[in-house]
Amino acid sequence: MLPEVSPKSYRSLTEVSPKPHQSLPKVSPKPHQSLPKVSFAFEGAIGNSYGPEKVGLTARDQGPLLLELEDCLSYGVSKSNKFGRISYSISLALRDKEEFVSAQKLVEKESADHVGNPGENIMKCLYRKGSTPTLYVNIDDETEIYPPKGDEPVDHKKYQDKRFRLEAIIKIESNYVSSDVTSIQVKLHEANILEEKPKAPRKRLLRRRD
């Protein structure tokens, strides 16, 4: 039987079927020190012929492990072409989101212990330097992004390299374990764009010659 671990960060940890984005409940984060002991569990490891394994994470009721993040700044959708594979991700600036960051670190600690790497920073997508921690989460075909006006999701590439404010639901999917790296896989499940930020005009550096 799969062991359950103690932290619970937000009420949305146990949400398995979020309502349409127009009516998502507001979540009140709690300090992780006071969280009940039945938040999420680890699934059995799934390996492949190349060696790496994935250890899934689920909510207590075996649904997806979802966290809601209220109003935050993003520096846009980014495109990557690594090893010939095109992928997309989004940055989430976590200024003044201490409880959310604590929840991420708590999942990281329990996951590192579970896979046998206690104390290791395996939340590779969480950039911790500077005054503003930043979370970089993957975007895939299941991600839905809604514009400020309208009820239909739009192509995420519309927001490539654009600044905006958003609210989001983050899905913590699994622990990726290989011989040389262990990392927690996190993706953007759903987002509401609250406000698009205009691009700052570029300052001219060369003087005009008459």
# chains A, B, ... in the order shown; residues from 1 in each chain; ligands from 1
>>> closest_atom_pairs(of="segment 142-193 of chain A", to="segment 92-102 of chain A", cutoff="12 Å", atoms="only C-alpha atoms", output="JSON lines")
{"residue": "A:Arg163", "atom": "CA", "partner": "A:Leu92", "partner_atom": "CA", "distance": 10.5}
{"residue": "A:Phe164", "atom": "CA", "partner": "A:Leu92", "partner_atom": "CA", "distance": 10.0}
{"residue": "A:Arg165", "atom": "CA", "partner": "A:Leu92", "partner_atom": "CA", "distance": 9.2}
{"residue": "A:Leu166", "atom": "CA", "partner": "A:Leu92", "partner_atom": "CA", "distance": 8.9}
{"residue": "A:Glu167", "atom": "CA", "partner": "A:Leu92", "partner_atom": "CA", "distance": 9.7}
{"residue": "A:Ala168", "atom": "CA", "partner": "A:Leu92", "partner_atom": "CA", "distance": 9.3}
{"residue": "A:Ile169", "atom": "CA", "partner": "A:Leu92", "partner_atom": "CA", "distance": 11.5}
{"residue": "A:Ile170", "atom": "CA", "partner": "A:Leu92", "partner_atom": "CA", "distance": 10.5}
{"residue": "A:Lys187", "atom": "CA", "partner": "A:Leu92", "partner_atom": "CA", "distance": 11.5}
{"residue": "A:Leu188", "atom": "CA", "partner": "A:Leu92", "partner_atom": "CA", "distance": 10.1}
{"residue": "A:Ala191", "atom": "CA", "partner": "A:Leu92", "partner_atom": "CA", "distance": 11.3}
>>> closest_atom_pairs(of="segment 85-165 of chain A", to="segment 172-181 of chain A", cutoff="10 Å", atoms="only C-alpha atoms", output="Markdown table")
| residue | atom | partner | partner_atom | distance |
| --- | --- | --- | --- | --- |
| A:Gln104 | CA | A:Ile172 | CA | 9.2 |
| A:Val107 | CA | A:Ile172 | CA | 9.0 |
| A:Glu108 | CA | A:Asn175 | CA | 9.4 |
| A:Ser111 | CA | A:Asn175 | CA | 7.2 |
| A:Ala112 | CA | A:Asn175 | CA | 8.8 |
| A:His114 | CA | A:Asn175 | CA | 9.6 |
| A:Val115 | CA | A:Val177 | CA | 7.8 |
| A:Ile122 | CA | A:Val181 | CA | 8.4 |
| A:Met123 | CA | A:Asn175 | CA | 9.2 |
| A:Lys124 | CA | A:Val181 | CA | 9.9 |
| A:Val137 | CA | A:Ile172 | CA | 9.5 |
>>> select_by_dssp(residues="segment 37-145 of chain A", states="alpha helix (DSSP H)", output="list of chain:residue names")
A:Glu98, A:Glu99, A:Phe100, A:Val101, A:Ser102, A:Ala103, A:Gln104, A:Lys105, A:Leu106, A:Val107, A:Glu108, A:Lys109, A:Glu110, A:Ser111, A:Ala112, A:Asp113, A:His114
>>> closest_residue(among="A:Ile145, A:Ala41, A:Val55, A:Ile139", to="Lys171 of chain A", atoms="only C-alpha atoms")
A:Ile139
>>> closest_residue(among="A:Glu68, A:Gly84, A:Ser91, A:Glu195", to="Pro133 of chain A", atoms="only C-alpha atoms")
A:Ser91
>>> atom_distance(atom1="atom CA of Thr143 of chain A", atom2="atom CA of Gln185 of chain A")
14.4 Å
>>> residues_around(residues="Cys125 of chain A", least_positions_apart="6", cutoff="8 Å", atoms="only C-alpha atoms", output="list in words")
Leu135, Tyr136, Val137, Ile184 and Val186 of chain A
>>> select_by_dssp(residues="segment 5-206 of chain A", states="strand (DSSP E)", output="VMD selection string")
chain A and resid 5 40 to 47 53 to 59 65 to 74 77 to 82 85 to 93 126 to 127 134 to 139 144 to 146 163 to 177 182 to 197
>>> residues_around(residues="Glu196 of chain A", least_positions_apart="3", cutoff="12 Å", atoms="only C-alpha atoms", output="PyMOL selection string")
chain A and resi 72-76+147-149+158-166+192-193+199
